[in-house]
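Peer 1: Next comes the structure file data02.cif, holding mmCIF, C-alpha atoms and all ligand atoms.
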```
data_my_file
#
loop_
_atom_site.label_atom_id
_atom_site.label_comp_id
_atom_site.auth_asym_id
_atom_site.auth_seq_id
_atom_site.Cartn_x
_atom_site.Cartn_y
_atom_site.Cartn_z
CA MET A 1341 54.19 -7.56 -38.37
CA MET A 1342 55.66 -9.86 -41.02
CA VAL A 1343 55.41 -13.54 -40.02
CA GLU A 1344 56.86 -16.79 -41.37
CA LEU A 1345 54.74 -19.74 -42.49
CA GLU A 1346 55.04 -21.63 -39.20
CA GLN A 1347 53.99 -18.60 -37.19
CA ALA A 1348 51.10 -17.87 -39.58
CA VAL A 1349 49.77 -21.41 -39.07
CA ARG A 1350 50.12 -21.14 -35.27
CA LEU A 1351 48.31 -17.79 -35.17
CA LEU A 1352 45.47 -19.09 -37.34
CA LEU A 1353 45.06 -22.14 -35.09
CA GLU A 1354 44.85 -19.71 -32.15
CA GLU A 1355 41.81 -18.19 -33.94
CA ARG A 1356 43.66 -15.01 -34.84
CA VAL A 1357 43.76 -13.34 -38.27
CA VAL A 1358 46.72 -13.29 -40.64
CA ALA A 1359 47.03 -11.73 -44.10
CA LEU A 1360 47.94 -14.37 -46.67
CA PRO A 1361 49.30 -14.08 -50.19
CA THR A 1362 47.19 -15.44 -53.03
CA GLU A 1363 47.59 -15.13 -56.80
CA THR A 1364 44.66 -12.64 -56.97
CA VAL A 1365 45.01 -10.20 -54.03
CA TYR A 1366 46.16 -10.61 -50.41
CA GLY A 1367 43.47 -12.20 -48.24
CA LEU A 1368 42.75 -11.62 -44.56
CA GLY A 1369 42.66 -15.23 -43.35
CA GLY A 1370 40.93 -16.79 -40.36
CA LEU A 1371 39.54 -20.25 -39.56
CA ALA A 1372 36.27 -20.47 -41.50
CA THR A 1373 34.78 -22.64 -38.75
CA SER A 1374 35.63 -20.28 -35.87
CA LYS A 1375 33.17 -17.63 -34.73
CA ALA A 1376 35.97 -15.85 -32.85
CA ALA A 1377 38.32 -15.71 -35.85
CA ILE A 1378 35.55 -14.57 -38.22
CA ALA A 1379 34.51 -11.82 -35.78
CA LYS A 1380 38.12 -10.59 -35.84
CA ILE A 1381 38.10 -10.44 -39.66
CA TYR A 1382 34.92 -8.32 -39.70
CA ALA A 1383 36.29 -6.07 -36.95
CA ALA A 1384 39.73 -5.55 -38.57
CA LYS A 1385 38.20 -4.67 -41.96
CA GLY A 1386 35.19 -2.77 -40.59
CA ARG A 1387 33.21 -5.06 -42.91
CA PRO A 1388 29.40 -4.93 -42.89
CA GLN A 1389 28.08 -8.02 -41.06
CA ASP A 1390 25.85 -9.09 -43.96
CA ASN A 1391 28.75 -9.50 -46.40
CA PRO A 1392 29.86 -13.17 -46.56
CA LEU A 1393 33.46 -14.35 -46.89
CA ILE A 1394 34.96 -16.53 -49.59
CA CYS A 1395 36.33 -19.78 -48.12
CA HIS A 1396 39.65 -21.18 -49.30
CA PHE A 1397 40.33 -24.89 -49.70
CA LEU A 1398 43.23 -27.19 -50.57
CA ASN A 1399 41.54 -29.04 -53.44
CA ALA A 1400 38.18 -30.27 -54.75
CA ALA A 1401 38.12 -33.21 -52.34
CA HIS A 1402 38.48 -30.73 -49.48
CA ILE A 1403 35.46 -28.73 -50.72
CA GLN A 1404 33.06 -31.65 -51.32
CA PRO A 1405 32.19 -32.51 -47.69
CA TYR A 1406 31.34 -28.86 -46.94
CA VAL A 1407 28.72 -28.37 -49.70
CA SER A 1408 25.37 -30.09 -50.18
CA ILE A 1409 25.05 -30.52 -53.95
CA VAL A 1410 27.51 -29.88 -56.74
CA PRO A 1411 26.22 -29.58 -60.33
CA GLY A 1412 27.35 -32.14 -62.93
CA TYR A 1413 29.68 -29.69 -64.68
CA TRP A 1414 31.45 -28.54 -61.50
CA SER A 1415 34.31 -31.04 -61.44
CA SER A 1416 35.17 -30.13 -65.06
CA LEU A 1417 35.39 -26.46 -64.09
CA VAL A 1418 37.50 -27.19 -61.04
CA HIS A 1419 39.79 -29.41 -63.08
CA ALA A 1420 40.28 -26.62 -65.65
CA PHE A 1421 40.43 -23.51 -63.45
CA SER A 1422 41.54 -24.53 -59.97
CA PRO A 1423 43.83 -23.93 -58.27
CA GLY A 1424 43.23 -20.52 -59.78
CA PRO A 1425 41.36 -17.20 -59.76
CA VAL A 1426 37.80 -18.60 -59.68
CA SER A 1427 35.35 -18.85 -56.75
CA TYR A 1428 32.39 -21.24 -57.01
CA ARG A 1429 29.15 -20.37 -55.21
CA LEU A 1430 27.62 -23.64 -54.06
CA PRO A 1431 24.73 -24.68 -51.77
CA LEU A 1432 25.62 -25.00 -48.09
CA PRO A 1433 24.03 -27.75 -45.99
CA GLU A 1434 22.05 -26.74 -42.89
CA GLY A 1435 24.13 -26.70 -39.72
CA SER A 1436 27.35 -26.40 -41.70
CA PRO A 1437 30.56 -25.77 -39.73
CA LEU A 1438 31.26 -22.95 -42.23
CA GLN A 1439 28.26 -20.98 -40.99
CA PRO A 1440 30.36 -18.35 -39.16
CA ALA A 1441 31.85 -17.30 -42.52
CA VAL A 1442 28.74 -17.01 -44.71
CA ALA A 1443 26.75 -14.22 -43.03
CA SER A 1444 23.46 -16.20 -42.93
CA GLN A 1445 23.61 -17.17 -46.63
CA SER A 1446 22.56 -20.72 -47.59
CA THR A 1447 25.50 -20.86 -50.00
CA VAL A 1448 29.26 -20.63 -49.74
CA ALA A 1449 31.76 -19.23 -52.24
CA CYS A 1450 34.66 -21.71 -52.47
CA ARG A 1451 38.09 -21.11 -53.95
CA ILE A 1452 41.33 -23.06 -54.33
CA PRO A 1453 44.10 -20.45 -54.47
CA ASP A 1454 47.08 -20.95 -56.78
CA GLN A 1455 49.76 -19.78 -54.38
CA PRO A 1456 52.11 -22.36 -52.87
CA LEU A 1457 52.59 -20.61 -49.50
CA CYS A 1458 48.84 -20.12 -49.11
CA LEU A 1459 48.09 -23.74 -50.02
CA GLU A 1460 50.71 -24.91 -47.52
CA VAL A 1461 49.05 -22.82 -44.80
CA ILE A 1462 45.65 -24.36 -45.63
CA ARG A 1463 47.22 -27.85 -45.63
CA GLN A 1464 48.86 -27.38 -42.25
CA VAL A 1465 45.83 -25.70 -40.66
CA GLY A 1466 43.60 -28.52 -41.93
CA VAL A 1467 40.31 -26.55 -42.08
CA PRO A 1468 39.06 -24.08 -44.72
CA ILE A 1469 40.34 -20.54 -44.39
CA ALA A 1470 37.88 -17.67 -44.83
CA ALA A 1471 39.68 -14.78 -46.48
CA PRO A 1472 38.20 -11.55 -47.83
CA SER A 1473 40.60 -9.09 -49.43
CA ALA A 1474 43.00 -7.78 -46.77
CA ASN A 1475 41.96 -4.13 -46.84
CA THR A 1476 39.79 -1.80 -44.80
CA SER A 1477 36.27 -2.26 -46.16
CA GLY A 1478 35.66 -0.11 -49.23
CA LYS A 1479 39.34 0.60 -49.85
CA VAL A 1480 41.76 -0.67 -52.46
CA SER A 1481 42.62 -4.39 -52.31
CA PRO A 1482 46.27 -5.04 -51.48
CA THR A 1483 48.49 -6.77 -54.02
CA SER A 1484 51.67 -6.85 -51.93
CA ALA A 1485 52.58 -7.43 -48.28
CA PRO A 1486 53.66 -3.79 -47.69
CA MET A 1487 50.24 -2.60 -48.99
CA VAL A 1488 48.54 -4.80 -46.35
CA GLU A 1489 50.91 -3.65 -43.63
CA GLN A 1490 50.23 -0.01 -44.45
CA ASP A 1491 46.45 -0.40 -44.31
CA LEU A 1492 45.79 -3.08 -41.65
CA GLY A 1493 49.19 -3.73 -40.00
CA SER A 1494 48.09 -2.52 -36.57
CA GLU A 1495 44.75 -4.39 -36.66
CA ILE A 1496 45.90 -7.93 -37.40
CA ALA A 1497 48.20 -10.61 -35.95
CA GLY A 1498 50.55 -10.81 -38.93
CA VAL A 1499 51.24 -10.67 -42.65
CA LEU A 1500 52.76 -13.60 -44.55
CA ASP A 1501 54.78 -12.17 -47.43
CA GLY A 1502 54.49 -14.19 -50.63
CA GLY A 1503 55.65 -11.40 -52.94
CA PRO A 1504 53.46 -9.39 -55.32
CA CYS A 1505 50.22 -11.00 -56.55
CA ILE A 1506 50.39 -12.32 -60.11
CA TYR A 1507 46.81 -11.44 -61.19
CA GLY A 1508 46.18 -8.36 -59.07
CA LEU A 1509 42.36 -8.57 -59.34
CA GLU A 1510 39.93 -10.56 -57.21
CA SER A 1511 38.64 -13.93 -58.42
CA THR A 1512 35.81 -14.41 -60.88
CA ILE A 1513 32.77 -15.51 -58.83
CA LEU A 1514 30.63 -18.15 -60.54
CA ASP A 1515 27.18 -19.05 -59.33
CA CYS A 1516 27.17 -22.85 -59.57
CA CYS A 1517 23.87 -23.41 -57.75
CA GLN A 1518 21.99 -24.40 -60.92
CA GLU A 1519 22.44 -27.46 -63.12
CA ASP A 1520 21.79 -25.74 -66.43
CA ASN A 1521 23.12 -22.24 -65.97
CA ILE A 1522 26.28 -20.55 -64.70
CA THR A 1523 26.11 -16.86 -63.77
CA ILE A 1524 29.24 -14.75 -63.51
CA LEU A 1525 28.56 -12.76 -60.34
CA ARG A 1526 31.85 -10.87 -60.34
CA PRO A 1527 34.03 -10.49 -63.45
CA GLY A 1528 37.65 -11.59 -63.18
CA ALA A 1529 40.45 -13.10 -65.23
CA ILE A 1530 38.30 -16.09 -66.30
CA GLY A 1531 35.16 -15.30 -68.32
CA PRO A 1532 32.42 -16.86 -70.47
CA ASP A 1533 34.73 -17.76 -73.38
CA GLU A 1534 37.09 -19.80 -71.23
CA ILE A 1535 34.20 -21.44 -69.35
CA THR A 1536 32.17 -22.27 -72.46
CA GLU A 1537 35.22 -23.84 -74.09
CA VAL A 1538 35.77 -26.18 -71.13
CA LEU A 1539 32.06 -27.07 -70.97
CA ALA A 1540 32.00 -27.86 -74.70
CA GLN A 1541 35.12 -30.03 -74.46
CA GLN A 1542 33.49 -32.00 -71.64
CA GLY A 1543 30.17 -32.46 -73.48
CA PHE A 1544 28.15 -29.91 -71.42
CA ARG A 1545 26.83 -28.08 -74.47
CA LYS A 1546 23.42 -27.03 -73.10
CA ILE A 1547 24.67 -25.09 -70.10
CA THR A 1548 24.39 -21.34 -70.51
CA VAL A 1549 27.02 -18.95 -69.17
CA ASN A 1550 26.06 -15.30 -68.59
CA TYR A 1551 27.21 -12.23 -66.75
CA ALA A 1552 24.83 -11.31 -63.92
CA LYS A 1553 22.12 -8.88 -64.96
CA ASN A 1554 21.44 -5.81 -62.83
CA SER A 1555 18.49 -7.62 -61.26
CA GLN A 1556 20.85 -10.38 -60.04
CA ARG A 1557 23.34 -8.02 -58.42
CA SER A 1558 21.90 -8.56 -54.95
CA VAL A 1559 23.03 -12.21 -55.06
CA VAL A 1560 26.43 -10.82 -54.08
CA PRO A 1561 25.79 -8.90 -50.87
CA GLY A 1562 29.08 -7.00 -51.31
CA ASN A 1563 27.78 -5.35 -54.50
CA LYS A 1564 25.84 -2.76 -52.56
CA TYR A 1565 28.99 -1.40 -50.91
CA ARG A 1566 31.59 0.95 -52.32
CA HIS A 1567 34.87 -0.76 -53.23
CA TYR A 1568 38.42 -0.18 -54.35
CA ALA A 1569 38.47 3.51 -53.39
CA PRO A 1570 41.62 5.49 -52.60
CA ASP A 1571 41.44 8.09 -49.79
CA THR A 1572 41.48 10.88 -52.38
CA GLN A 1573 38.13 11.43 -54.07
CA LEU A 1574 38.29 9.73 -57.48
CA CYS A 1575 35.95 11.11 -60.16
CA ALA A 1576 35.25 9.40 -63.46
CA VAL A 1577 35.20 11.79 -66.44
CA LYS A 1578 34.49 11.16 -70.12
CA ASP A 1579 36.69 14.01 -71.25
CA LEU A 1580 39.48 16.15 -69.81
CA THR A 1581 37.32 19.25 -70.37
CA GLU A 1582 35.20 18.08 -67.43
CA ILE A 1583 38.15 18.82 -65.11
CA PRO A 1584 38.12 22.44 -63.86
CA LYS A 1585 40.68 24.50 -65.85
CA GLY A 1586 44.01 25.02 -64.10
CA LEU A 1587 43.24 22.50 -61.33
CA HIS A 1588 46.28 20.46 -60.36
CA ALA A 1589 45.24 16.83 -60.48
CA VAL A 1590 46.34 13.33 -61.40
CA VAL A 1591 44.39 11.44 -64.05
CA LEU A 1592 44.29 7.65 -64.37
CA MET A 1593 44.32 6.45 -67.97
CA SER A 1594 45.74 3.92 -70.42
CA GLN A 1595 48.99 4.37 -72.30
CA GLU A 1596 46.95 4.84 -75.49
CA GLN A 1597 44.90 7.71 -74.03
CA ALA A 1598 48.03 9.36 -72.64
CA THR A 1599 49.81 9.46 -75.99
CA ALA A 1600 46.73 10.43 -78.01
CA ARG A 1601 46.52 13.99 -76.69
CA SER A 1602 48.49 16.95 -75.48
CA TRP A 1603 48.34 17.72 -71.79
CA PRO A 1604 47.70 20.90 -69.85
CA THR A 1605 50.68 21.21 -67.46
CA SER A 1606 48.30 21.20 -64.47
CA LEU A 1607 47.28 17.58 -65.14
CA GLN A 1608 49.55 14.65 -64.43
CA PRO A 1609 48.72 11.30 -66.04
CA VAL A 1610 49.04 8.06 -64.06
CA ILE A 1611 49.44 5.49 -66.78
CA LEU A 1612 47.65 2.23 -66.02
CA GLY A 1613 49.36 0.42 -68.91
CA SER A 1614 48.45 -0.52 -72.45
CA ARG A 1615 45.02 -1.79 -73.55
CA HIS A 1616 47.05 -4.41 -75.43
CA ASP A 1617 48.58 -5.81 -72.24
CA LEU A 1618 45.64 -6.26 -69.88
CA PRO A 1619 47.38 -8.78 -67.55
CA HIS A 1620 49.94 -6.05 -66.82
CA VAL A 1621 47.19 -3.44 -66.27
CA ALA A 1622 45.37 -5.82 -63.87
CA GLN A 1623 48.51 -6.73 -61.95
CA HIS A 1624 49.35 -3.09 -61.15
CA LEU A 1625 45.82 -1.62 -61.09
CA TYR A 1626 45.32 -1.29 -57.32
CA ARG A 1627 48.84 0.08 -56.79
CA HIS A 1628 48.10 2.72 -59.42
CA ILE A 1629 44.71 3.57 -57.92
CA LYS A 1630 46.28 3.84 -54.46
CA SER A 1631 49.11 6.03 -55.84
CA VAL A 1632 46.72 8.97 -56.25
CA ASP A 1633 46.94 9.37 -52.45
CA GLU A 1634 50.65 10.21 -52.74
CA HIS A 1635 49.76 13.54 -54.37
CA ASP A 1636 48.59 16.50 -52.39
CA ASN A 1637 45.29 16.89 -54.25
CA THR A 1638 41.76 16.58 -52.97
CA THR A 1639 40.42 15.12 -56.20
CA ALA A 1640 41.87 12.68 -58.73
CA TYR A 1641 40.28 11.64 -62.00
CA TYR A 1642 39.81 8.53 -64.08
CA LEU A 1643 39.41 9.13 -67.79
CA ILE A 1644 36.69 6.58 -68.63
CA GLU A 1645 37.55 4.20 -71.42
CA ASP A 1646 36.55 0.94 -72.98
CA TRP A 1647 38.90 -1.81 -71.84
CA GLY A 1648 37.32 -4.26 -74.27
CA ASN A 1649 35.03 -7.25 -73.89
CA SER A 1650 37.57 -9.86 -72.82
CA SER A 1651 37.06 -11.18 -69.28
CA LEU A 1652 40.04 -9.22 -68.03
CA GLY A 1653 38.97 -6.06 -69.88
CA ARG A 1654 35.52 -6.24 -68.30
CA ALA A 1655 37.03 -6.92 -64.87
CA ILE A 1656 39.37 -3.90 -65.15
CA GLY A 1657 36.50 -1.65 -66.29
CA ASN A 1658 34.33 -2.97 -63.44
CA ARG A 1659 36.93 -2.19 -60.76
CA LEU A 1660 37.69 1.29 -62.11
CA ARG A 1661 33.98 2.08 -62.32
CA ARG A 1662 33.43 0.98 -58.75
CA ALA A 1663 36.52 2.83 -57.48
CA SER A 1664 35.26 6.08 -58.98
CA GLN A 1665 31.52 5.63 -58.93
CA GLU A 1666 30.63 8.30 -56.39
CA LYS A 1667 31.00 11.39 -58.49
CA ARG A 1668 31.04 14.35 -56.18
CA ARG A 1669 31.94 17.43 -58.17
CA GLU A 1670 33.11 20.60 -56.53
P1 LIG B 1701 36.10 -9.93 -50.87
O1 LIG B 1701 35.40 -9.63 -49.61
O2 LIG B 1701 36.93 -8.81 -51.33
O3 LIG B 1701 36.85 -11.20 -50.79
O4 LIG B 1701 34.97 -10.14 -51.94
C1 LIG B 1701 34.13 -11.25 -51.81
C2 LIG B 1701 32.84 -10.96 -52.51
O5 LIG B 1701 32.18 -12.22 -52.63
C3 LIG B 1701 31.91 -10.05 -51.72
O6 LIG B 1701 31.33 -9.12 -52.60
C4 LIG B 1701 30.86 -11.01 -51.16
O7 LIG B 1701 29.59 -10.40 -51.02
C5 LIG B 1701 30.85 -12.11 -52.20
N1 LIG B 1701 30.43 -13.42 -51.65
C6 LIG B 1701 31.07 -14.18 -50.74
N2 LIG B 1701 30.37 -15.28 -50.44
C7 LIG B 1701 29.24 -15.23 -51.19
C8 LIG B 1701 28.10 -16.07 -51.34
N3 LIG B 1701 27.96 -17.20 -50.64
N4 LIG B 1701 27.14 -15.69 -52.21
C9 LIG B 1701 27.27 -14.55 -52.93
N5 LIG B 1701 28.31 -13.71 -52.84
C10 LIG B 1701 29.29 -14.04 -51.98
MG MG B 1702 37.28 -6.88 -51.18
#
```
Please re-express this file's structure in C-alpha cells.
Ligand code: AMP
Ligand code: MG

Peer 2:
Amino acid sequence: MMVELEQAVRLLLEERVVALPTETVYGLGGLATSKAAIAKIYAAKGRPQDNPLICHFLNAAHIQPYVSIVPGYWSSLVHAFSPGPVSYRLPLPEGSPLQPAVASQSTVACRIPDQPLCLEVIRQVGVPIAAPSANTSGKVSPTSAPMVEQDLGSEIAGVLDGGPCIYGLESTILDCCQEDNITILRPGAIGPDEITEVLAQQGFRKITVNYAKNSQRSVVPGNKYRHYAPDTQLCAVKDLTEIPKGLHAVVLMSQEQATARSWPTSLQPVILGSRHDLPHVAQHLYRHIKSVDEHDNTTAYYLIEDWGNSSLGRAIGNRLRRASQEKRRE
C-alpha cells in the first residue's frame, strides 16, 4: 500500500514497518529503539537474526549521543560525505537504546540519507530509523517504490514513494572504530580516493584507508549470505562459449561487450550500460538484474567483465559477483 508522509510517520510511531525512499536503495524502516518494530523488519525480510541493521539519522548531532567514541577524523568525513551514500561503523555504548537493531554487535552502522522525504520522516519521528534494504533477504534491492511493492507489499504496513533512487547501489560502509585506519567494509559510490582527499585537506595525513581483506569479511555479518539474486538462476561466465549451444537465455553485459561481438540468435543481451557511464549503470543495475525474471528461462548469464578500479566500478563488480556467485551448471 502506498502511503503519504504523514501516514508513514504515524505507522512508524505505532512500531510498524514502512519502506522509505533513500538516495541509495529503498529501505525497510522501523524505530531503531523498538524491539517490536525490529522484529517486524526481520520477519518481513526473512532476514537472518545475526545480521545487524544500519541506523538512519538526521545529522551528525543526532548520531553523537548514540555512539561511545568517534575518531578524530569522523566529523571531517561526515561534513564531506553526509547526508550521502556512506555508513559509518562506530562503537556502541553498553545498554544502548539502539540494541534491538544491532544483532548483539558492540558497534552500530550509522547513515544520514540524502533524501528529503526520508529526512523529514526521521525528523518527525524523532528517533533513529533502522532500515535494511527493502527486499526479501538475498534478493535484489529495490530502487523504486513499485519494486518494493512487488516484493514485500503484502508483508509491510506501507511504502512511501520518493521516486527512483539516484545512486541505485547500497552505501559504502566504513569501519570508523580505529583512530588511525579506515576500512571499507562494503564498496559503494564513495571510495578510498575521495576519502583520502578529504583526510589530506583536513590534515589527517597518517590515516590509512583500505578495502577490507578477505580475512576481515566477517566484520560484516551480512557478507556470509547470498545477495542481490533474481529468482532465475544467474550464472557468471567468462566467455559466451560457456553457455550451452542453442540454449535460449538472456545475458547481462556492458554496452561495450554487446557491440564487440556477433550474437547467436538464441542469446539475448541485457545491456547494463556503458563502462564510461558508471553512475548510469549503478542506477539501473538492480532493475536490470531483476529483469531476467521476465523471461521464461531457467538460467540467465552474466558475462564477467572488469568495471574498473574506481569506487563505483568496484561496487558494480562486487554486486554482480554476489548476484551470480552460486554457479550451478546444468
Ligand atoms: P542491508 O541490510 O542491505 O541494509 O545491508 C547492511 C549491511 O551492513 C549488512 O551486510 C550488515 O551485515 C552490515 N552491517 C550493519 N550494521 C553493521 C555493524 N554494526 N557492523 C558491521 N556490519 C554491519
Ligand atoms: Mg540488503

Peer 1: Could I get the residue neighbourhood of ligand LIG 1701 (chain B) at 7 Å, counting all atoms listed in the file, as number ranges by chain?

Peer 2: A: 1391-1394, 1429, 1442, 1445, 1447-1449, 1471-1473, 1510, 1559-1563

Peer 1: Based on the selection just made, write C-alpha atoms of those residues as a PDB file, in the frame of the given file.

Peer 2:
```pdb
ATOM      1  CA  ASN A1391      28.750  -9.500 -46.400  1.00  0.00           C
ATOM      2  CA  PRO A1392      29.860 -13.170 -46.560  1.00  0.00           C
ATOM      3  CA  LEU A1393      33.460 -14.350 -46.890  1.00  0.00           C
ATOM      4  CA  ILE A1394      34.960 -16.530 -49.590  1.00  0.00           C
ATOM      5  CA  ARG A1429      29.150 -20.370 -55.210  1.00  0.00           C
ATOM      6  CA  VAL A1442      28.740 -17.010 -44.710  1.00  0.00           C
ATOM      7  CA  GLN A1445      23.610 -17.170 -46.630  1.00  0.00           C
ATOM      8  CA  THR A1447      25.500 -20.860 -50.000  1.00  0.00           C
ATOM      9  CA  VAL A1448      29.260 -20.630 -49.740  1.00  0.00           C
ATOM     10  CA  ALA A1449      31.760 -19.230 -52.240  1.00  0.00           C
ATOM     11  CA  ALA A1471      39.680 -14.780 -46.480  1.00  0.00           C
ATOM     12  CA  PRO A1472      38.200 -11.550 -47.830  1.00  0.00           C
ATOM     13  CA  SER A1473      40.600  -9.090 -49.430  1.00  0.00           C
ATOM     14  CA  GLU A1510      39.930 -10.560 -57.210  1.00  0.00           C
ATOM     15  CA  VAL A1559      23.030 -12.210 -55.060  1.00  0.00           C
ATOM     16  CA  VAL A1560      26.430 -10.820 -54.080  1.00  0.00           C
ATOM     17  CA  PRO A1561      25.790  -8.900 -50.870  1.00  0.00           C
ATOM     18  CA  GLY A1562      29.080  -7.000 -51.310  1.00  0.00           C
ATOM     19  CA  ASN A1563      27.780  -5.350 -54.500  1.00  0.00           C
TER      20      ASN A1563
END
```

Peer 1: Separation of CA of Gly1370 in chain A and CA of Ala1384 in chain A, in Å?

Peer 2: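 CA of Ala1384 in chain A lies 11.4 Å from CA of Gly1370 in chain A.
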
Peer 1: Near range 1407-1424 of chain A, within 6 Å and counting all atoms listed in the file, which residues show up once chain neighbours fewer than 3 positions away are dropped, as a list in words?

Peer 2: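 Skipping anything fewer than 3 positions along the chain leaves Gln1404, Pro1431, Leu1432, Pro1433, Ile1452, Pro1453, Asp1454 and Glu1519 of chain A.
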
Peer 1: Kindly provide, as number ranges by chain, the polymer residues lying within 12 Å of (34.7, -6.7, -71.1), counting only C-alpha atoms and using the coordinates exactly as they appear in the file.

Peer 2: A: 1526-1533, 1551, 1615, 1618, 1645-1659

Peer 1: As a quick test: using all atoms listed in the file, which residues lie no more than 8 Å away from ligand MG 1702 (chain B)? Give them as a tab-separated table (two decimals) with C-alpha atoms, in the frame of the given file.

Peer 2:
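This went into pocket-v8.tsv:
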```tsv
chain	number	residue	atom	x	y	z
A	1472	PRO	CA	38.20	-11.55	-47.83
A	1473	SER	CA	40.60	-9.09	-49.43
A	1474	ALA	CA	43.00	-7.78	-46.77
A	1475	ASN	CA	41.96	-4.13	-46.84
A	1477	SER	CA	36.27	-2.26	-46.16
A	1478	GLY	CA	35.66	-0.11	-49.23
A	1479	LYS	CA	39.34	0.60	-49.85
A	1480	VAL	CA	41.76	-0.67	-52.46
A	1481	SER	CA	42.62	-4.39	-52.31
A	1510	GLU	CA	39.93	-10.56	-57.21
A	1567	HIS	CA	34.87	-0.76	-53.23
A	1568	TYR	CA	38.42	-0.18	-54.35
```

Peer 1: Neighbours of Glu1634 in chain A within 12 Å (only C-alpha atoms; same-chain residues fewer than 6 positions away dropped), as a PDB file with C-alpha atoms, keeping the file's coordinate frame?

Peer 2:
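Below is the file that was written, part_36.pdb:
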```pdb
ATOM      1  CA  PRO A1570      41.620   5.490 -52.600  1.00  0.00           C
ATOM      2  CA  ASP A1571      41.440   8.090 -49.790  1.00  0.00           C
ATOM      3  CA  THR A1572      41.480  10.880 -52.380  1.00  0.00           C
ATOM      4  CA  ALA A1589      45.240  16.830 -60.480  1.00  0.00           C
ATOM      5  CA  VAL A1590      46.340  13.330 -61.400  1.00  0.00           C
ATOM      6  CA  VAL A1610      49.040   8.060 -64.060  1.00  0.00           C
ATOM      7  CA  ARG A1627      48.840   0.080 -56.790  1.00  0.00           C
ATOM      8  CA  HIS A1628      48.100   2.720 -59.420  1.00  0.00           C
ATOM      9  CA  ALA A1640      41.870  12.680 -58.730  1.00  0.00           C
TER      10      ALA A1640
END
```

Peer 1: Name all residues at most 8 Å from Ile1611 in chain A (count only C-alpha atoms; drop same-chain ones fewer than 5 positions away) and give them as a ChimeraX atom specification.

Peer 2: /A:1592-1595,1598,1628

Peer 1: Is there a way to get, as a PyMOL selection string, all residues within 12 Å of the point (52.7, -24.1, -37.2) in file coordinates, counting only C-alpha atoms?

Peer 2: chain A and resi 1343-1354+1460-1466

Peer 1: Have a look at CA of Tyr1406 in chain A and CA of Cys1516 in chain A and let me know their distance in Å, one decimal.

Peer 2: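 Answer for the CA of Tyr1406 in chain A to CA of Cys1516 in chain A separation: 14.6 Å.
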
Peer 1: Write out as a list in words which residues come within 7 Å of Ala1552 in chain A when counting all atoms listed in the file, dropping same-chain ones fewer than 5 positions away.

Peer 2: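 My list of contacting residues is Thr1523, Ile1524, Leu1525 and Arg1557 of chain A.
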
Peer 1: Could you tell me how far CA of His1402 in chain A sits from CA of Pro1468 in chain A, in Å to one decimal place?

Peer 2: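 So the two atoms, CA of Pro1468 in chain A and CA of His1402 in chain A, lie 8.2 Å apart.
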
Peer 1: Which of these residues is nearest to Gly1493 in chain A, using only C-alpha atoms: A:Arg1662, A:Lys1630, A:Val1358, A:Ile1469?

Peer 2: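 Among the listed residues, A:Val1358 lies closest to Gly1493 in chain A.
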